[in-house]
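Written below as structure tokens is the structure these notes are about.
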Amino acid sequence: MSLKVHYLNGGSCRHLLAAVDGRSFRFVRFHAVFLAIEHPDLGWILCDTGYGDSFFKATRRFPDRLYRWATPVTLRGTAASALRAIGVCPENVRHIVITHFHADHVGGLHEFPSAQLHYHEEALSPLQACTAFAQTKAAFLPDLVPADCGERSRVVPHDAFKTRSGFPFRVCDLFGDGSITLVELPGHAPGQVGLEFETVAGKILYCADAFWRSTQVRERVNLPRPVRALQWNPTAYQQTLEALRDLEQQGSHRLIACHDDATQQYVTT
């Protein structure tokens with residue numbers, strides 16, 4: 001099933017590129033791209049929401065404010081306004097797939113109060129169990145999780161993911177029709193998933209934050225040790241990255257990541 005996908009601007013943060021390669025000490029923009037997917041039967045489905053309109057309110061207090069200081073954020077609009085710019089009514093969004101619960105991926109959840117939320121069963125509870133400082137370190141802002149999250153969530157159990165011959169990650173057919181496949185991409189955040197889907201341009205694997213820049217995959221650039229240590233599971237992160245490098249060599253998928261500069265060429269607003 002071929003899907004129509006829009007790549008939307010969900011804001012950006014300013015950070016040293018050295019966080020990726022350990023040597024480029026200049027500030028760059030890390031864009032937070034989220035996806036709007038048009039499904040022939042289910043209508044519009046979002047994958048993440050970018051920073052959304054709640055980020056600044058959620059980072060007013062200490063220690064959450066440390067997040068804002070460490071990665072200064074710029075917004076050009078809300079997640080809902082990005083949809084309106086491509087002619088999509090936000091009220092028509094009925095499903096949101098959450099790749100992981102970092103603030104730059106879930107900041108706009110409050111803008112879609114009628115949407116069902118889909119995420120891995122290990123994505124949220126480990127973060128909620130952390131201390132306030134540990135949550136900030138893990139880029140998790142509890143105020144960005146809607147109060148009714150539990151009531152309108154479809155939590156995808158770990159056991160729903162299965163191995164697939166010739167593919168390095170466990171997968172789950174999200175809607176049971178082969179249109180969108182969730183792909184376990186462990187390491188960066190608890191329960192992180194990517195999305196596999198087909199477009200007219202071929203098969204896409206949206207990798208969320210399994211890597212930040214394509215140089216990590218294509219040129220085998222590894223994160224500096226201090227940055228790698230900040231990943232939820234540094235060992236799993238590196239294993240996931242190595243598997244993505246092998247997948248890139250196979251040429252079966254186009255690998256796209258949320259914050260990669262290359263992804264910006266697809267952004268429509």
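Convention: chains lettered A, B, ... in structure tokens order; per-chain residue numbering from 1; ligands numbered from 1 as shown.
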* **All residues 7 Å or closer to Asp209 (chain A), only C-alpha atoms, same chain fewer than 3 positions away omitted, as a list in words** =>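 Selected residues are His188, Trp212, Ala257 and Cys258 of chain A.
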* **Contacts of Glu151 (chain A) within 12 Å, only C-alpha atoms, excl. fewer than 4 positions in-chain, as an MDAnalysis selection string** => chainID A and resid 113:118 146:147 155
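Using only C-alpha atoms, the smallest distance between any of A:Val171, A:Glu111, A:Ser179, A:Val20 and Pro40 (chain A) comes from A:Ser179.
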* Val93 (chain A): which residues within 12 Å, counting only C-alpha atoms, same-chain residues fewer than 4 positions away excluded, as a list in words? ->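 In the requested format, the answer is Leu35, Ala36, Ile37, Glu38, His39, Leu42, Gly43, Trp44, Ile45, Leu46, Cys47, Thr49, Ala79, Ala80, Leu83, Arg84, Val88, Cys89, Val97, Leu109, Glu111, Phe112, Pro113, Ser114, Ala115, Gln116 and Leu117 of chain A.
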I need the chosen residues saved as a compact mmCIF listing (two decimals), in the first residue's frame, with N, CA and C atoms.
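Generated file (out01.txt):
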# COMPACT_ATOMS: atom_id res chain seq x y z
N LEU A 35 5.63 13.75 10.98
CA LEU A 35 5.02 13.27 9.75
C LEU A 35 3.50 13.33 9.82
N ALA A 36 2.90 13.66 8.69
CA ALA A 36 1.45 13.55 8.50
C ALA A 36 1.24 12.56 7.36
N ILE A 37 0.61 11.45 7.68
CA ILE A 37 0.45 10.35 6.73
C ILE A 37 -1.02 10.21 6.37
N GLU A 38 -1.30 10.21 5.07
CA GLU A 38 -2.69 10.06 4.61
C GLU A 38 -2.96 8.59 4.32
N HIS A 39 -3.82 8.00 5.14
CA HIS A 39 -4.19 6.59 4.99
C HIS A 39 -5.52 6.52 4.24
N LEU A 42 -8.14 5.21 7.11
CA LEU A 42 -8.10 5.81 8.44
C LEU A 42 -7.92 7.32 8.42
N GLY A 43 -7.72 7.88 7.25
CA GLY A 43 -7.53 9.33 7.16
C GLY A 43 -6.13 9.73 7.57
N TRP A 44 -6.02 10.89 8.23
CA TRP A 44 -4.71 11.45 8.56
C TRP A 44 -4.18 10.89 9.87
N ILE A 45 -2.94 10.43 9.81
CA ILE A 45 -2.23 9.86 10.96
C ILE A 45 -0.96 10.67 11.16
N LEU A 46 -0.69 11.08 12.38
CA LEU A 46 0.57 11.77 12.67
C LEU A 46 1.58 10.80 13.26
N CYS A 47 2.83 11.04 12.94
CA CYS A 47 3.93 10.39 13.64
C CYS A 47 4.66 11.50 14.39
N THR A 49 4.78 14.97 17.03
CA THR A 49 4.16 16.29 16.88
C THR A 49 5.16 17.44 16.96
N ALA A 79 1.98 22.58 15.99
CA ALA A 79 1.78 21.39 15.17
C ALA A 79 0.48 21.52 14.38
N ALA A 80 -0.56 22.04 15.04
CA ALA A 80 -1.85 22.20 14.37
C ALA A 80 -1.75 23.19 13.21
N LEU A 83 -0.27 21.66 10.12
CA LEU A 83 -1.25 20.86 9.38
C LEU A 83 -2.17 21.75 8.55
N ARG A 84 -2.63 22.83 9.16
CA ARG A 84 -3.54 23.73 8.41
C ARG A 84 -2.85 24.28 7.17
N VAL A 88 -4.95 20.51 5.99
CA VAL A 88 -5.49 19.44 6.83
C VAL A 88 -6.07 20.04 8.10
N CYS A 89 -7.31 19.71 8.41
CA CYS A 89 -7.94 20.18 9.64
C CYS A 89 -7.43 19.34 10.80
N VAL A 97 1.04 8.29 16.21
CA VAL A 97 2.05 7.31 16.59
C VAL A 97 3.19 8.06 17.28
N LEU A 109 1.04 17.09 21.60
CA LEU A 109 -0.05 16.13 21.85
C LEU A 109 -1.32 16.81 22.34
N GLU A 111 -2.61 19.41 21.43
CA GLU A 111 -3.33 20.06 20.34
C GLU A 111 -4.30 19.13 19.61
N PHE A 112 -4.26 17.84 19.97
CA PHE A 112 -5.10 16.85 19.29
C PHE A 112 -5.83 16.00 20.32
N PRO A 113 -6.78 16.60 21.03
CA PRO A 113 -7.42 15.92 22.17
C PRO A 113 -8.30 14.73 21.79
N SER A 114 -8.62 14.57 20.51
CA SER A 114 -9.49 13.47 20.10
C SER A 114 -8.73 12.31 19.48
N ALA A 115 -7.44 12.44 19.31
CA ALA A 115 -6.66 11.42 18.63
C ALA A 115 -6.30 10.27 19.56
N GLN A 116 -6.32 9.06 19.01
CA GLN A 116 -5.84 7.90 19.74
C GLN A 116 -4.32 7.87 19.65
N LEU A 117 -3.67 7.56 20.77
CA LEU A 117 -2.21 7.57 20.84
C LEU A 117 -1.70 6.13 20.81
Applying 12 Å and only C-alpha atoms, which residues near Val33 (chain A) remain after dropping the ones on its own chain fewer than 5 positions away? List them as an mmCIF file with C-alpha atoms, in the first residue's frame.
data_model
loop_
_atom_site.group_PDB
_atom_site.id
_atom_site.type_symbol
_atom_site.label_atom_id
_atom_site.label_comp_id
_atom_site.auth_asym_id
_atom_site.auth_seq_id
_atom_site.Cartn_x
_atom_site.Cartn_y
_atom_site.Cartn_z
ATOM 1 C CA HIS A 6 4.025 15.143 4.435
ATOM 2 C CA TYR A 7 7.129 16.065 6.431
ATOM 3 C CA LEU A 8 6.314 19.013 8.695
ATOM 4 C CA ASN A 9 8.364 21.509 10.677
ATOM 5 C CA GLY A 10 7.903 20.981 14.414
ATOM 6 C CA GLY A 11 10.426 23.582 15.565
ATOM 7 C CA SER A 12 14.163 23.330 16.131
ATOM 8 C CA CYS A 13 16.827 23.670 18.784
ATOM 9 C CA LEU A 46 0.570 11.769 12.675
ATOM 10 C CA CYS A 47 3.935 10.394 13.642
ATOM 11 C CA ASP A 48 5.006 12.585 16.588
ATOM 12 C CA THR A 49 4.158 16.285 16.881
ATOM 13 C CA GLY A 50 7.419 18.219 17.221
ATOM 14 C CA TYR A 51 7.852 20.666 20.095
ATOM 15 C CA GLY A 52 4.260 21.886 19.800
ATOM 16 C CA LEU A 75 9.131 27.544 16.973
ATOM 17 C CA ALA A 79 1.779 21.392 15.169
ATOM 18 C CA ALA A 82 1.616 23.172 10.322
ATOM 19 C CA ASP A 104 10.666 17.442 20.909
ATOM 20 C CA HIS A 105 8.432 14.591 19.748
ATOM 21 C CA VAL A 106 5.381 14.939 22.004
ATOM 22 C CA TYR A 206 11.627 6.636 9.517
ATOM 23 C CA CYS A 207 14.205 6.136 12.255
ATOM 24 C CA ALA A 208 13.112 8.856 14.711
ATOM 25 C CA ASP A 209 16.258 9.498 16.815
ATOM 26 C CA TRP A 212 20.695 12.404 14.347
ATOM 27 C CA ILE A 256 15.208 9.100 7.318
ATOM 28 C CA ALA A 257 15.789 10.564 10.776
ATOM 29 C CA CYS A 258 13.921 13.313 12.597
ATOM 30 C CA HIS A 259 16.801 15.748 13.130
ATOM 31 C CA ASP A 260 18.918 15.071 10.051
ATOM 32 C CA ASP A 261 19.566 18.036 7.780
ATOM 33 C CA ALA A 262 18.823 15.786 4.809
ATOM 34 C CA THR A 263 15.264 15.331 6.059
ATOM 35 C CA GLN A 264 14.664 19.064 5.650
ATOM 36 C CA GLN A 265 14.509 18.680 1.863
ATOM 37 C CA TYR A 266 11.188 16.890 2.325
ATOM 38 C CA VAL A 267 9.656 19.449 4.682
ATOM 39 C CA THR A 268 6.616 21.140 3.161
ATOM 40 C CA THR A 269 6.006 23.705 5.930
#
* **Closest of A:Gly194, A:Gly187, A:Gly251, A:Pro126 to Gln238 (chain A) - atom-to-atom distances counting only C-alpha atoms** =>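 That would be A:Gly187, the residue with the smallest distance to Gln238 (chain A).
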* To do: Tell me, as JSON, numbers by chain, which residues lie within 12 Å of Glu248 (chain A), counting only C-alpha atoms; anything in the same chain fewer than 4 positions away does not count.
  => {"A": [167, 168, 204, 205, 207, 214, 215, 216, 217, 218, 219, 220, 241, 242, 243, 244, 252, 253, 254, 255, 256]}
Atoms to include: N, CA and C atoms. Write the selected residues as a PDB file, in the first residue's frame.
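Generated file (again-v9.pdb):
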ATOM      1  N   PHE A 167      15.518  -9.074   8.088  1.00  0.00           N
ATOM      2  CA  PHE A 167      15.411  -7.702   8.596  1.00  0.00           C
ATOM      3  C   PHE A 167      15.989  -7.677  10.007  1.00  0.00           C
ATOM      4  N   PRO A 168      16.792  -6.663  10.355  1.00  0.00           N
ATOM      5  CA  PRO A 168      17.537  -6.707  11.623  1.00  0.00           C
ATOM      6  C   PRO A 168      16.751  -6.314  12.875  1.00  0.00           C
ATOM      7  N   ILE A 204      10.318   3.419   2.898  1.00  0.00           N
ATOM      8  CA  ILE A 204      10.941   4.350   3.847  1.00  0.00           C
ATOM      9  C   ILE A 204      11.023   3.693   5.221  1.00  0.00           C
ATOM     10  N   LEU A 205      12.139   3.905   5.903  1.00  0.00           N
ATOM     11  CA  LEU A 205      12.225   3.599   7.333  1.00  0.00           C
ATOM     12  C   LEU A 205      12.507   4.907   8.050  1.00  0.00           C
ATOM     13  N   CYS A 207      13.429   6.660  11.131  1.00  0.00           N
ATOM     14  CA  CYS A 207      14.205   6.136  12.255  1.00  0.00           C
ATOM     15  C   CYS A 207      14.106   6.964  13.527  1.00  0.00           C
ATOM     16  N   SER A 214      22.900  11.883   9.050  1.00  0.00           N
ATOM     17  CA  SER A 214      23.164  10.757   8.152  1.00  0.00           C
ATOM     18  C   SER A 214      24.638  10.373   8.127  1.00  0.00           C
ATOM     19  N   THR A 215      25.539  11.269   8.532  1.00  0.00           N
ATOM     20  CA  THR A 215      26.964  10.929   8.585  1.00  0.00           C
ATOM     21  C   THR A 215      27.219   9.781   9.564  1.00  0.00           C
ATOM     22  N   GLN A 216      26.360   9.643  10.575  1.00  0.00           N
ATOM     23  CA  GLN A 216      26.527   8.543  11.524  1.00  0.00           C
ATOM     24  C   GLN A 216      26.343   7.197  10.832  1.00  0.00           C
ATOM     25  N   VAL A 217      25.462   7.163   9.838  1.00  0.00           N
ATOM     26  CA  VAL A 217      25.185   5.921   9.121  1.00  0.00           C
ATOM     27  C   VAL A 217      26.121   5.765   7.931  1.00  0.00           C
ATOM     28  N   ARG A 218      26.192   6.767   7.070  1.00  0.00           N
ATOM     29  CA  ARG A 218      26.892   6.631   5.799  1.00  0.00           C
ATOM     30  C   ARG A 218      28.409   6.750   5.935  1.00  0.00           C
ATOM     31  N   GLU A 219      28.871   7.526   6.929  1.00  0.00           N
ATOM     32  CA  GLU A 219      30.309   7.695   7.108  1.00  0.00           C
ATOM     33  C   GLU A 219      30.798   7.048   8.399  1.00  0.00           C
ATOM     34  N   ARG A 220      29.890   6.313   9.061  1.00  0.00           N
ATOM     35  CA  ARG A 220      30.210   5.559  10.278  1.00  0.00           C
ATOM     36  C   ARG A 220      30.794   6.447  11.373  1.00  0.00           C
ATOM     37  N   LEU A 241      22.478   1.380  15.709  1.00  0.00           N
ATOM     38  CA  LEU A 241      23.165   2.147  14.671  1.00  0.00           C
ATOM     39  C   LEU A 241      23.928   1.236  13.717  1.00  0.00           C
ATOM     40  N   GLU A 242      24.600   0.223  14.250  1.00  0.00           N
ATOM     41  CA  GLU A 242      25.341  -0.711  13.395  1.00  0.00           C
ATOM     42  C   GLU A 242      24.391  -1.460  12.463  1.00  0.00           C
ATOM     43  N   ALA A 243      23.232  -1.851  12.993  1.00  0.00           N
ATOM     44  CA  ALA A 243      22.252  -2.556  12.165  1.00  0.00           C
ATOM     45  C   ALA A 243      21.706  -1.648  11.064  1.00  0.00           C
ATOM     46  N   LEU A 244      21.519  -0.363  11.375  1.00  0.00           N
ATOM     47  CA  LEU A 244      21.052   0.583  10.362  1.00  0.00           C
ATOM     48  C   LEU A 244      22.118   0.800   9.287  1.00  0.00           C
ATOM     49  N   SER A 252      17.668  -1.494   0.613  1.00  0.00           N
ATOM     50  CA  SER A 252      16.250  -1.859   0.538  1.00  0.00           C
ATOM     51  C   SER A 252      15.325  -0.749   1.020  1.00  0.00           C
ATOM     52  N   HIS A 253      15.849   0.166   1.837  1.00  0.00           N
ATOM     53  CA  HIS A 253      15.054   1.243   2.421  1.00  0.00           C
ATOM     54  C   HIS A 253      15.780   2.578   2.268  1.00  0.00           C
ATOM     55  N   ARG A 254      15.001   3.636   2.228  1.00  0.00           N
ATOM     56  CA  ARG A 254      15.557   4.971   2.430  1.00  0.00           C
ATOM     57  C   ARG A 254      15.437   5.277   3.915  1.00  0.00           C
ATOM     58  N   LEU A 255      16.560   5.540   4.566  1.00  0.00           N
ATOM     59  CA  LEU A 255      16.571   5.812   5.997  1.00  0.00           C
ATOM     60  C   LEU A 255      16.455   7.317   6.230  1.00  0.00           C
ATOM     61  N   ILE A 256      15.458   7.696   7.016  1.00  0.00           N
ATOM     62  CA  ILE A 256      15.208   9.100   7.318  1.00  0.00           C
ATOM     63  C   ILE A 256      15.144   9.273   8.832  1.00  0.00           C
TER      64      ILE A 256
END
* Two-atom distance - CA of Pro157 (chain A), CA of Gly176 (chain A) (Å) ->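 Computing the Euclidean distance for CA of Pro157 (chain A) and CA of Gly176 (chain A) yields 14.6 Å.
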